[in-house]
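A.B. asks: Contents of work-v2.cif (mmCIF, C-alpha atoms and all ligand atoms) are given next:
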```cif
data_data
loop_
_atom_site.label_atom_id
_atom_site.label_comp_id
_atom_site.auth_asym_id
_atom_site.auth_seq_id
_atom_site.Cartn_x
_atom_site.Cartn_y
_atom_site.Cartn_z
CA MET A 1 -18.67 27.16 10.97
CA GLN A 2 -17.48 25.01 13.84
CA LEU A 3 -15.79 21.85 12.64
CA ALA A 4 -15.44 18.77 14.80
CA ASP A 5 -12.06 18.59 16.50
CA ARG A 6 -11.31 15.28 14.77
CA MET A 7 -10.99 17.12 11.44
CA SER A 8 -7.83 18.80 12.70
CA HIS A 9 -6.25 15.36 13.16
CA LEU A 10 -6.80 14.16 9.61
CA GLY A 11 -3.55 13.91 7.62
CA THR A 12 -3.09 13.44 3.90
CA GLU A 13 -1.13 11.58 1.25
CA THR A 14 1.48 13.98 -0.12
CA ALA A 15 1.88 11.89 -3.27
CA PHE A 16 -1.42 13.34 -4.51
CA GLU A 17 -0.23 16.91 -3.87
CA VAL A 18 3.07 16.28 -5.64
CA LEU A 19 1.14 14.69 -8.53
CA ALA A 20 -1.02 17.82 -8.83
CA ARG A 21 2.07 20.07 -8.79
CA ALA A 22 3.89 17.88 -11.32
CA ASN A 23 0.85 17.90 -13.61
CA LYS A 24 0.57 21.69 -13.32
CA LEU A 25 4.24 22.15 -14.23
CA ALA A 26 3.81 19.74 -17.15
CA ALA A 27 0.74 21.68 -18.33
CA GLU A 28 2.92 24.82 -18.29
CA GLY A 29 5.26 23.11 -20.71
CA ARG A 30 7.91 21.78 -18.29
CA ASP A 31 9.36 18.36 -19.00
CA ILE A 32 8.48 16.44 -15.83
CA ILE A 33 9.30 12.82 -15.04
CA ASN A 34 6.92 11.57 -12.41
CA LEU A 35 8.44 9.10 -9.99
CA GLY A 36 6.15 10.37 -7.27
CA ILE A 37 2.78 8.69 -7.47
CA GLY A 38 2.49 5.00 -6.62
CA GLN A 39 0.54 3.52 -9.46
CA PRO A 40 1.46 1.12 -12.25
CA ASP A 41 2.23 2.84 -15.56
CA PHE A 42 0.44 -0.03 -17.33
CA LYS A 43 -3.13 0.02 -18.61
CA THR A 44 -5.74 -2.27 -17.12
CA PRO A 45 -5.65 -5.44 -19.29
CA ASP A 46 -8.24 -5.44 -22.10
CA HIS A 47 -10.21 -8.47 -20.92
CA ILE A 48 -10.84 -6.73 -17.58
CA VAL A 49 -11.98 -3.51 -19.22
CA GLU A 50 -14.21 -5.55 -21.53
CA ALA A 51 -15.85 -7.32 -18.57
CA GLY A 52 -16.67 -3.95 -17.00
CA ARG A 53 -18.07 -2.66 -20.30
CA ARG A 54 -20.14 -5.82 -20.76
CA ALA A 55 -21.55 -5.53 -17.25
CA LEU A 56 -22.79 -2.04 -18.07
CA ALA A 57 -24.28 -3.23 -21.39
CA ASP A 58 -25.96 -6.14 -19.59
CA GLY A 59 -27.73 -3.77 -17.27
CA HIS A 60 -25.77 -4.10 -14.05
CA HIS A 61 -26.65 -0.59 -12.99
CA GLY A 62 -28.14 -1.06 -9.56
CA TYR A 63 -27.05 -1.52 -5.98
CA THR A 64 -25.34 -4.78 -5.13
CA PRO A 65 -25.09 -6.41 -1.70
CA ALA A 66 -23.03 -4.06 0.50
CA ASN A 67 -20.24 -6.63 0.98
CA GLY A 68 -19.99 -7.37 -2.77
CA ILE A 69 -21.82 -9.71 -5.16
CA PRO A 70 -21.42 -13.39 -4.20
CA ALA A 71 -19.47 -14.14 -7.40
CA ILE A 72 -16.70 -11.65 -6.61
CA ARG A 73 -16.38 -12.87 -3.03
CA GLU A 74 -16.14 -16.44 -4.31
CA ALA A 75 -13.52 -15.35 -6.86
CA VAL A 76 -11.50 -13.68 -4.08
CA ALA A 77 -11.69 -16.82 -1.94
CA ALA A 78 -10.48 -18.91 -4.90
CA ASP A 79 -7.66 -16.43 -5.53
CA ILE A 80 -6.56 -16.61 -1.88
CA GLN A 81 -6.57 -20.39 -2.13
CA LYS A 82 -4.52 -20.23 -5.34
CA TYR A 83 -1.89 -17.68 -4.30
CA ARG A 84 -1.77 -18.08 -0.54
CA GLY A 85 -2.84 -21.72 -0.24
CA ILE A 86 -5.39 -20.82 2.41
CA ALA A 87 -9.10 -21.66 2.53
CA VAL A 88 -11.30 -18.66 3.31
CA ASP A 89 -15.08 -18.47 3.70
CA PRO A 90 -16.41 -16.06 1.01
CA ASP A 91 -18.80 -14.75 3.66
CA HIS A 92 -15.80 -13.34 5.55
CA ILE A 93 -14.80 -11.23 2.55
CA VAL A 94 -15.97 -7.64 2.26
CA VAL A 95 -15.40 -5.93 -1.09
CA VAL A 96 -14.81 -2.19 -0.86
CA PRO A 97 -13.80 0.74 -3.13
CA GLY A 98 -10.00 0.27 -2.96
CA GLY A 99 -7.50 -0.62 -0.29
CA LYS A 100 -8.02 2.52 1.77
CA PRO A 101 -11.58 1.91 3.10
CA THR A 102 -10.46 -1.20 4.96
CA MET A 103 -7.72 0.63 6.85
CA PHE A 104 -10.10 3.47 7.64
CA PHE A 105 -12.79 1.04 8.83
CA ALA A 106 -10.31 -0.89 10.98
CA CYS A 107 -9.12 2.31 12.64
CA LEU A 108 -12.70 3.49 13.21
CA MET A 109 -13.62 0.10 14.67
CA PHE A 110 -10.76 -0.03 17.16
CA GLY A 111 -9.67 3.57 17.64
CA GLU A 112 -10.96 5.99 20.24
CA ALA A 113 -9.46 8.24 22.90
CA GLY A 114 -7.26 6.16 25.20
CA ALA A 115 -6.73 3.37 22.67
CA GLU A 116 -3.35 2.76 21.03
CA ILE A 117 -2.78 1.55 17.49
CA MET A 118 0.68 0.53 16.27
CA TYR A 119 1.67 1.32 12.70
CA PRO A 120 4.83 1.21 10.56
CA ASN A 121 6.97 4.35 10.41
CA PRO A 122 8.04 5.19 7.77
CA GLY A 123 4.79 3.81 6.40
CA PHE A 124 1.78 4.50 4.22
CA PRO A 125 0.64 7.93 5.54
CA ILE A 126 -3.03 7.07 5.73
CA TYR A 127 -2.41 4.70 8.66
CA GLU A 128 -1.27 7.47 10.98
CA SER A 129 -3.91 9.83 9.60
CA ALA A 130 -6.79 7.38 10.17
CA ILE A 131 -5.50 6.46 13.64
CA ARG A 132 -5.34 10.11 14.70
CA PHE A 133 -8.77 10.78 13.16
CA SER A 134 -10.23 7.94 15.23
CA GLY A 135 -8.95 9.60 18.42
CA ALA A 136 -6.51 6.78 19.18
CA THR A 137 -2.82 7.32 19.90
CA PRO A 138 -0.53 6.26 17.04
CA VAL A 139 2.42 4.19 18.27
CA PRO A 140 5.12 3.89 15.62
CA ILE A 141 6.74 0.58 14.75
CA GLU A 142 10.20 1.77 13.73
CA LEU A 143 11.51 0.49 10.41
CA HIS A 144 15.22 0.79 9.76
CA GLU A 145 17.36 0.49 6.70
CA ASP A 146 19.86 -1.92 8.28
CA THR A 147 17.18 -4.61 8.54
CA GLY A 148 15.89 -4.01 5.01
CA PHE A 149 13.03 -2.00 6.59
CA SER A 150 11.63 -5.08 8.32
CA PHE A 151 10.63 -4.65 11.98
CA ASN A 152 11.99 -5.97 15.23
CA ALA A 153 9.24 -8.30 16.51
CA GLU A 154 10.57 -8.33 20.08
CA ASP A 155 10.48 -4.56 20.12
CA VAL A 156 6.88 -4.50 18.83
CA LEU A 157 5.79 -7.03 21.46
CA ALA A 158 7.54 -5.10 24.24
CA ARG A 159 5.57 -1.98 23.39
CA ILE A 160 2.13 -3.59 23.62
CA THR A 161 0.11 -2.18 26.53
CA PRO A 162 -3.35 -2.98 27.89
CA ASN A 163 -4.54 -0.09 25.67
CA THR A 164 -3.14 -1.53 22.44
CA ARG A 165 -6.07 -2.48 20.21
CA LEU A 166 -4.61 -2.98 16.76
CA ILE A 167 -1.24 -3.53 15.08
CA ILE A 168 -0.86 -2.61 11.42
CA ILE A 169 1.67 -4.56 9.36
CA ASN A 170 2.47 -3.85 5.71
CA SER A 171 4.60 -6.19 3.62
CA PRO A 172 5.74 -5.66 0.90
CA ALA A 173 5.78 -2.08 2.07
CA ASN A 174 5.12 1.40 0.87
CA PRO A 175 7.30 3.54 0.90
CA THR A 176 10.36 1.37 1.51
CA GLY A 177 9.74 -1.67 -0.70
CA GLY A 178 10.75 -3.67 2.38
CA VAL A 179 9.59 -7.23 2.87
CA VAL A 180 9.11 -8.51 6.41
CA GLN A 181 10.97 -11.76 7.01
CA LYS A 182 8.94 -14.86 7.89
CA SER A 183 11.04 -15.33 11.04
CA ASP A 184 9.98 -11.86 12.25
CA LEU A 185 6.31 -12.65 11.56
CA ASP A 186 6.70 -16.01 13.37
CA THR A 187 8.12 -14.25 16.44
CA LEU A 188 5.41 -11.61 16.37
CA VAL A 189 2.57 -14.11 16.06
CA GLU A 190 4.02 -16.36 18.78
CA GLY A 191 4.31 -13.38 21.12
CA LEU A 192 0.78 -12.21 20.34
CA ALA A 193 -0.55 -15.36 22.02
CA ALA A 194 0.14 -13.53 25.29
CA HIS A 195 -1.90 -10.52 24.12
CA PRO A 196 -5.28 -11.85 23.01
CA HIS A 197 -6.80 -8.34 23.21
CA VAL A 198 -4.74 -7.14 20.22
CA ALA A 199 -6.04 -7.40 16.63
CA VAL A 200 -3.81 -7.23 13.54
CA MET A 201 -4.42 -5.63 10.16
CA SER A 202 -2.07 -6.98 7.51
CA ASP A 203 -1.93 -4.75 4.44
CA GLU A 204 -0.81 -7.07 1.65
CA ILE A 205 -1.80 -4.92 -1.31
CA TYR A 206 1.63 -5.58 -2.93
CA SER A 207 1.41 -9.35 -2.35
CA ARG A 208 1.99 -10.19 -6.03
CA MET A 209 5.04 -7.91 -6.30
CA VAL A 210 7.76 -9.80 -4.47
CA TYR A 211 11.14 -10.25 -6.18
CA ASP A 212 14.22 -12.48 -6.07
CA ASN A 213 12.07 -15.65 -6.14
CA GLN A 214 10.86 -14.99 -2.62
CA PRO A 215 7.39 -16.29 -1.78
CA HIS A 216 4.90 -13.83 -0.32
CA VAL A 217 4.28 -14.73 3.32
CA SER A 218 0.68 -13.94 4.20
CA MET A 219 -0.36 -13.34 7.79
CA LEU A 220 -3.55 -15.19 6.90
CA GLY A 221 -1.43 -18.34 7.11
CA TYR A 222 -1.19 -18.07 10.90
CA GLU A 223 -4.13 -20.12 12.16
CA SER A 224 -3.74 -18.80 15.71
CA LEU A 225 -4.47 -15.25 14.48
CA ARG A 226 -7.46 -16.01 12.28
CA ASP A 227 -10.05 -14.81 14.79
CA ARG A 228 -8.37 -11.37 15.05
CA LEU A 229 -6.69 -10.79 11.70
CA ILE A 230 -7.90 -8.38 9.04
CA LEU A 231 -6.27 -9.07 5.68
CA LEU A 232 -6.25 -6.13 3.26
CA ASP A 233 -5.63 -6.62 -0.45
CA GLY A 234 -7.10 -5.37 -3.71
CA TRP A 235 -6.90 -4.91 -7.44
CA SER A 236 -5.28 -1.44 -7.67
CA LYS A 237 -1.65 -2.48 -7.92
CA THR A 238 -1.85 -6.11 -9.11
CA TYR A 239 -4.07 -5.39 -12.12
CA ALA A 240 -3.21 -1.71 -12.72
CA MET A 241 -6.70 -0.71 -11.59
CA THR A 242 -6.06 2.24 -9.26
CA GLY A 243 -8.82 4.37 -10.78
CA TRP A 244 -11.48 1.66 -10.72
CA ARG A 245 -11.52 1.70 -6.91
CA LEU A 246 -11.73 -1.93 -5.93
CA GLY A 247 -10.30 -3.72 -2.91
CA TYR A 248 -11.22 -6.33 -0.36
CA ALA A 249 -10.57 -7.50 3.14
CA VAL A 250 -10.94 -10.83 4.85
CA TRP A 251 -12.41 -10.02 8.25
CA PRO A 252 -12.51 -12.27 11.30
CA ALA A 253 -15.97 -13.85 11.68
CA ALA A 254 -16.81 -11.62 14.64
CA LEU A 255 -16.23 -8.40 12.67
CA VAL A 256 -17.82 -9.17 9.28
CA GLU A 257 -21.18 -7.68 10.20
CA GLN A 258 -19.58 -4.53 11.62
CA ALA A 259 -17.47 -4.08 8.49
CA THR A 260 -20.53 -4.56 6.27
CA ARG A 261 -22.42 -2.01 8.34
CA LEU A 262 -19.62 0.50 7.75
CA CYS A 263 -20.04 -0.15 4.01
CA VAL A 264 -23.79 0.43 4.19
CA ASN A 265 -23.23 3.69 6.04
CA ASP A 266 -20.32 4.85 3.90
CA HIS A 267 -20.81 3.92 0.25
CA SER A 268 -23.65 1.29 0.05
CA CYS A 269 -21.64 -0.94 -2.29
CA VAL A 270 -18.85 -0.87 -4.87
CA ASN A 271 -19.85 0.22 -8.37
CA ALA A 272 -21.52 -2.88 -9.88
CA ALA A 273 -19.67 -2.94 -13.23
CA THR A 274 -16.34 -2.60 -11.43
CA GLN A 275 -17.12 -5.76 -9.49
CA PHE A 276 -17.59 -7.69 -12.75
CA ALA A 277 -14.27 -6.34 -13.99
CA GLY A 278 -12.74 -7.52 -10.71
CA ILE A 279 -14.02 -11.06 -11.28
CA ALA A 280 -12.52 -11.09 -14.79
CA ALA A 281 -9.21 -9.92 -13.32
CA LEU A 282 -9.06 -12.75 -10.80
CA GLU A 283 -10.42 -15.51 -13.02
CA GLY A 284 -8.85 -14.47 -16.34
CA PRO A 285 -5.30 -14.88 -17.67
CA GLN A 286 -2.57 -13.73 -15.30
CA GLU A 287 0.16 -13.13 -17.90
CA SER A 288 -0.25 -9.37 -17.70
CA VAL A 289 0.54 -9.48 -13.98
CA ASP A 290 3.72 -11.43 -14.71
CA VAL A 291 4.71 -9.06 -17.51
CA MET A 292 4.21 -6.03 -15.27
CA THR A 293 6.03 -7.57 -12.32
CA SER A 294 9.01 -8.58 -14.50
CA ALA A 295 9.18 -5.03 -15.84
CA PHE A 296 9.15 -3.64 -12.28
CA ASP A 297 11.87 -6.08 -11.30
CA GLU A 298 14.11 -4.91 -14.15
CA ARG A 299 13.49 -1.24 -13.34
CA ARG A 300 14.19 -1.95 -9.67
CA ARG A 301 17.69 -3.08 -10.59
CA VAL A 302 18.22 -0.04 -12.80
CA ILE A 303 17.08 2.56 -10.26
CA VAL A 304 18.87 0.98 -7.29
CA ASP A 305 22.16 0.74 -9.21
CA GLU A 306 21.81 4.32 -10.46
CA LEU A 307 21.03 5.64 -6.96
CA ASN A 308 23.98 3.83 -5.43
CA ASP A 309 26.19 5.43 -8.05
CA MET A 310 25.21 8.96 -7.03
CA PRO A 311 27.14 11.31 -4.75
CA GLY A 312 25.74 11.31 -1.20
CA VAL A 313 23.13 8.63 -1.89
CA THR A 314 22.88 4.96 -0.90
CA CYS A 315 19.96 2.64 -1.54
CA VAL A 316 19.16 -0.82 -0.18
CA ARG A 317 17.64 -3.20 -2.71
CA PRO A 318 13.89 -3.34 -2.05
CA GLY A 319 12.40 -6.84 -1.97
CA GLY A 320 8.90 -5.92 -3.14
CA ALA A 321 6.33 -3.34 -4.32
CA PHE A 322 7.61 -0.70 -6.79
CA TYR A 323 9.42 1.79 -4.60
CA ALA A 324 13.05 2.62 -3.91
CA PHE A 325 13.77 4.45 -0.67
CA PRO A 326 17.32 5.81 -0.86
CA ASN A 327 19.19 7.34 2.04
CA ILE A 328 20.08 10.89 0.97
CA THR A 329 21.73 12.14 4.18
CA GLY A 330 25.11 12.30 2.40
CA THR A 331 23.79 15.07 0.14
CA GLY A 332 23.61 17.42 3.13
CA MET A 333 20.03 18.31 2.20
CA SER A 334 16.85 17.55 4.10
CA SER A 335 14.39 15.23 2.39
CA GLN A 336 11.94 18.05 1.81
CA ALA A 337 14.62 20.35 0.38
CA LEU A 338 15.80 17.68 -2.06
CA GLN A 339 12.19 16.87 -3.07
CA GLU A 340 11.65 20.56 -3.89
CA ARG A 341 14.91 20.99 -5.78
CA LEU A 342 14.37 17.82 -7.77
CA LEU A 343 10.93 18.96 -8.88
CA ASN A 344 11.69 22.63 -9.47
CA GLU A 345 15.21 22.44 -10.90
CA ALA A 346 15.41 18.96 -12.44
CA GLY A 347 11.76 18.26 -13.30
CA VAL A 348 11.77 15.01 -11.34
CA ALA A 349 8.86 14.29 -9.01
CA ALA A 350 9.78 12.20 -5.96
CA ILE A 351 8.37 12.22 -2.45
CA SER A 352 10.14 13.32 0.73
CA GLY A 353 10.55 10.46 3.20
CA THR A 354 8.97 12.67 5.86
CA SER A 355 5.63 12.32 4.04
CA PHE A 356 5.64 8.78 5.43
CA GLY A 357 6.35 9.67 9.05
CA ALA A 358 9.06 11.34 11.08
CA LEU A 359 11.40 8.38 10.60
CA GLY A 360 11.43 9.07 6.87
CA GLU A 361 13.78 12.04 7.34
CA GLY A 362 16.95 11.41 5.37
CA TYR A 363 15.16 9.42 2.66
CA LEU A 364 13.25 10.01 -0.58
CA ARG A 365 10.67 7.73 -2.14
CA PHE A 366 10.91 7.00 -5.84
CA SER A 367 8.17 5.01 -7.54
CA TYR A 368 9.79 3.03 -10.34
CA ALA A 369 6.44 2.40 -12.02
CA ASN A 370 7.74 4.35 -15.01
CA SER A 371 9.66 3.41 -18.16
CA THR A 372 13.34 2.42 -17.85
CA GLU A 373 14.15 5.26 -20.23
CA ASN A 374 12.41 7.81 -17.98
CA ILE A 375 14.03 6.33 -14.89
CA ARG A 376 17.50 6.63 -16.44
CA GLU A 377 16.82 10.20 -17.52
CA ALA A 378 15.47 11.11 -14.05
CA MET A 379 18.60 9.64 -12.48
CA ARG A 380 20.81 11.54 -14.92
CA ARG A 381 19.10 14.80 -13.93
CA MET A 382 19.40 13.99 -10.24
CA ARG A 383 23.10 13.20 -10.60
CA GLU A 384 23.60 16.49 -12.42
CA LEU A 385 21.81 18.36 -9.64
CA LEU A 386 23.83 16.67 -6.92
CA SER A 387 27.12 17.12 -8.76
CA ALA A 388 26.61 20.86 -9.34
N1 LIG B 401 -1.97 0.16 1.12
C1 LIG B 401 -0.77 0.55 0.70
C2 LIG B 401 0.44 0.08 1.42
C3 LIG B 401 -0.64 1.41 -0.41
O1 LIG B 401 0.56 1.80 -0.82
C4 LIG B 401 -1.82 1.87 -1.04
C5 LIG B 401 -1.76 2.81 -2.18
O2 LIG B 401 -0.77 3.40 -2.50
C6 LIG B 401 -3.04 1.45 -0.55
C7 LIG B 401 -3.08 0.58 0.51
C8 LIG B 401 -4.32 1.98 -1.11
O3 LIG B 401 -4.70 1.39 -2.27
P1 LIG B 401 -6.02 1.89 -3.03
O4 LIG B 401 -5.57 2.86 -4.06
O5 LIG B 401 -6.57 0.63 -3.60
O6 LIG B 401 -6.95 2.49 -2.03
#
```
Represent the supplied structure as structure tokens.
C.D. replies:
Amino acid sequence: MQLADRMSHLGTETAFEVLARANKLAAEGRDIINLGIGQPDFKTPDHIVEAGRRALADGHHGYTPANGIPAIREAVAADIQKYRGIAVDPDHIVVVPGGKPTMFFACLMFGEAGAEIMYPNPGFPIYESAIRFSGATPVPIELHEDTGFSFNAEDVLARITPNTRLIIINSPANPTGGVVQKSDLDTLVEGLAAHPHVAVMSDEIYSRMVYDNQPHVSMLGYESLRDRLILLDGWSKTYAMTGWRLGYAVWPAALVEQATRLCVNDHSCVNAATQFAGIAALEGPQESVDVMTSAFDERRRVIVDELNDMPGVTCVRPGGAFYAFPNITGTGMSSQALQERLLNEAGVAAISGTSFGALGEGYLRFSYANSTENIREAMRRMRELLSA
């Protein structure tokens, strides 16, 4: 068999591999605490599950429009108005199976040999993977601990070339939990006026998980970018719906048809019953989101304090999402070595920072979407390992 060259450029998301290994060890009887995979440890709220069940009972078994049924696109537009205070045309919304398809589509739309796409590093690994797969050159936007893993807007602007097609921004971020400051976004957007050939994809999938009473700053709020901004969000994290596969993007008017065409070619439409569940999530009670976010906030404090109390480890307080990204250089171990030892010797699954790009060396990612009790026990085991 002769595979296309592009297949050799496709990366992966190590969290899924670590999850498989952790599950295998658990199946063999090992006591494993999983702080590796990034998904809420809560169940999808009952009223959402019920709406999906009802849709199946009511006979919603067929194809839907490729961009999503009108009711879900209207519900998304209302949700954006409610939480971001921004009016969006439901016809600019394309509903897809999760957050990932939008980033893949954006990279396919803009990426080809000779094109450059900027992406956060350390960042969600699928960005770099999809960019490379498209044939484009990935240009890292460096994120550093001393700025709370925000980016330097001047630096980003200085690295734009005539070949730059797309800039990917992610706030709150995976894997760092970093939140980009509004002043940095302001500078970036102002500077982009001089580069009208550059589009932006803003991945705001953790938009409802921002702590310390900070508001979420959406890039959709910048009117000057509206004709070249792709906003990515979805249900996976906010409503504990990772396995349902439901996400959306707001596309600029000029790209809606192209995005819909990619849907038709790729998956036809999102599972019909899932779309009804998605409407119930957006239009129903939001208490479960608040309960989950408060729990994450409390666990965030616990894990950050515990990490900072460990030999060779320091951890900045993340402003959003549900990840802590401690600096482990003081342990004398590489990120990969510590990931392995934690899993094999302490039964704690965490992810090496290098799984999120070269700039992740010296860090580990812990997902604190787990019970406080498990987090404390995982930290106890890690301290024991590092103190040995
Ligand atoms: N964007 C970011 C930053 C993520 O961390 C994730 C999942 O971890 C996604 C997108 C993908 O979400 P989904 O599972 O809905 O495809």
A.B. asks: Taking all atoms listed in the file and a cut-off of 6 Å, can you tell me which residues surround ligand LIG 401 (chain B), written as a ChimeraX atom specification?
C.D. replies: /A:38,98-100,124,173-174,203,205,236,242,247
A.B. asks: Would you write out those residues with C-alpha atoms, as a PDB file, in the coordinates of the input?
C.D. replies:
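Saved as out.pdb:
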```pdb
ATOM      1  CA  GLY A  38       2.490   5.000  -6.620  1.00  0.00           C
ATOM      2  CA  GLY A  98     -10.000   0.270  -2.960  1.00  0.00           C
ATOM      3  CA  GLY A  99      -7.500  -0.620  -0.290  1.00  0.00           C
ATOM      4  CA  LYS A 100      -8.020   2.520   1.770  1.00  0.00           C
ATOM      5  CA  PHE A 124       1.780   4.500   4.220  1.00  0.00           C
ATOM      6  CA  ALA A 173       5.780  -2.080   2.070  1.00  0.00           C
ATOM      7  CA  ASN A 174       5.120   1.400   0.870  1.00  0.00           C
ATOM      8  CA  ASP A 203      -1.930  -4.750   4.440  1.00  0.00           C
ATOM      9  CA  ILE A 205      -1.800  -4.920  -1.310  1.00  0.00           C
ATOM     10  CA  SER A 236      -5.280  -1.440  -7.670  1.00  0.00           C
ATOM     11  CA  THR A 242      -6.060   2.240  -9.260  1.00  0.00           C
ATOM     12  CA  GLY A 247     -10.300  -3.720  -2.910  1.00  0.00           C
TER      13      GLY A 247
END
```
A.B. asks: Can you tell me, as a list of chain:residue names, what residues are no more than 9 Å from A:Tyr323 when counting only C-alpha atoms, ignoring any on the same chain fewer than 2 positions away?
C.D. replies: A:Gly38, A:Ala173, A:Asn174, A:Pro175, A:Thr176, A:Gly177, A:Gly178, A:Arg300, A:Pro318, A:Gly320, A:Ala321, A:Phe325, A:Arg365, A:Phe366, A:Ser367, A:Tyr368, A:Ala369
A.B. asks: Identify which of the residues A:Leu231, A:Leu386, A:Leu338, A:Leu364 lies closest to A:Met103, counting only C-alpha atoms when measuring atom-to-atom distances.
C.D. replies: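 Closest to A:Met103 of all the choices is A:Leu231.
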A.B. asks: Check the smallest atom-to-atom distance from each of A:Ser334, A:Thr14, A:Asn344, A:Ser294 to A:Val210 using only C-alpha atoms, then report the winner.
C.D. replies: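 Result for the nearest residue to A:Val210: A:Ser294.
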A.B. asks: If I take atom CA of A:Met118 and atom CA of A:Asp146, how far is one from the other in Å, to one decimal?
C.D. replies: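 According to the coordinates, atom CA of A:Met118 and atom CA of A:Asp146 are separated by 20.9 Å.
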A.B. asks: So how many Å separate atom CA of A:Arg132 and atom CA of A:Leu10, to one decimal?
C.D. replies: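 Separation of atom CA of A:Arg132 and atom CA of A:Leu10: 6.7 Å.
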A.B. asks: Which one is closest to A:Ala106: A:Met209, A:Thr314, A:Leu166, A:Val198? Count all atoms listed in the file.
C.D. replies: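 The shortest atom-to-atom distance to A:Ala106 comes from A:Leu166.
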A.B. asks: Name all residues at most 12 Å from A:His9 (count only C-alpha atoms; drop same-chain ones fewer than 3 positions away) and give them as JSON, numbers by chain.
C.D. replies: {"A": [3, 4, 5, 6, 12, 126, 128, 129, 130, 131, 132, 133, 134, 135, 136, 137, 138]}
A.B. asks: With all atoms listed in the file as the counted atoms, please give the residues lying no more than 6 Å from A:Ile48, apart from itself and same-chain residues fewer than 3 positions off, as a ChimeraX atom specification.
C.D. replies: /A:45,51,277,280-281
A.B. asks: For each of A:Glu345, A:Glu112, A:Asp155, A:Pro120, take the minimum atom-to-atom distance to A:Pro140, counting only C-alpha atoms, then give the residue where this is smallest.
C.D. replies: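 Checking each candidate against A:Pro140, we get A:Pro120 as the closest.
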A.B. asks: Closest to A:Ala295 among A:Asn265, A:Thr260, A:Ser355, A:Ser371, using only C-alpha atoms?
C.D. replies: A:Ser371
A.B. asks: Between A:Ile351, A:Pro125, A:Gly234, A:Val250, single out the one closest to A:Ala15, counting all atoms listed in the file.
C.D. replies: A:Ile351
A.B. asks: Within 10 Å of (-13.3, 4.3, -11.3) (coordinates as in the file), grab all the protein and nucleic acid residues, counting only C-alpha atoms, and write them out as a ChimeraX atom specification.
C.D. replies: /A:97-98,241-246,270-271,273-274
A.B. asks: Near A:Arg165, counting only C-alpha atoms, which residues have an atom at most 8 Å away, once you skip same-chain residues fewer than 5 positions from it, shown as a PyMOL selection string?
C.D. replies: chain A and resi 110-111+115-117+197-199
A.B. asks: What does the structure give for the distance between atom CA of A:Ile72 and atom CA of A:Leu220, in Å to one decimal?
C.D. replies: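 A separation of 19.2 Å between them.
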A.B. asks: Leaving out A:His60 and any residue of its chain fewer than 5 positions from it, which residues lie within 9 Å of it when counting all atoms listed in the file, given as JSON, numbers by chain?
C.D. replies: {"A": [54, 55, 272, 273]}
A.B. asks: Grab the residues selected above and save them as a short mmCIF file (atom, residue, chain, number, x, y, z; two decimals), in the frame of the given file with C-alpha atoms.
C.D. replies:
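File written: again.cif
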```
data_model
loop_
_atom_site.label_atom_id
_atom_site.label_comp_id
_atom_site.auth_asym_id
_atom_site.auth_seq_id
_atom_site.Cartn_x
_atom_site.Cartn_y
_atom_site.Cartn_z
CA ARG A 54 -20.14 -5.82 -20.76
CA ALA A 55 -21.55 -5.53 -17.25
CA ALA A 272 -21.52 -2.88 -9.88
CA ALA A 273 -19.67 -2.94 -13.23
#
```
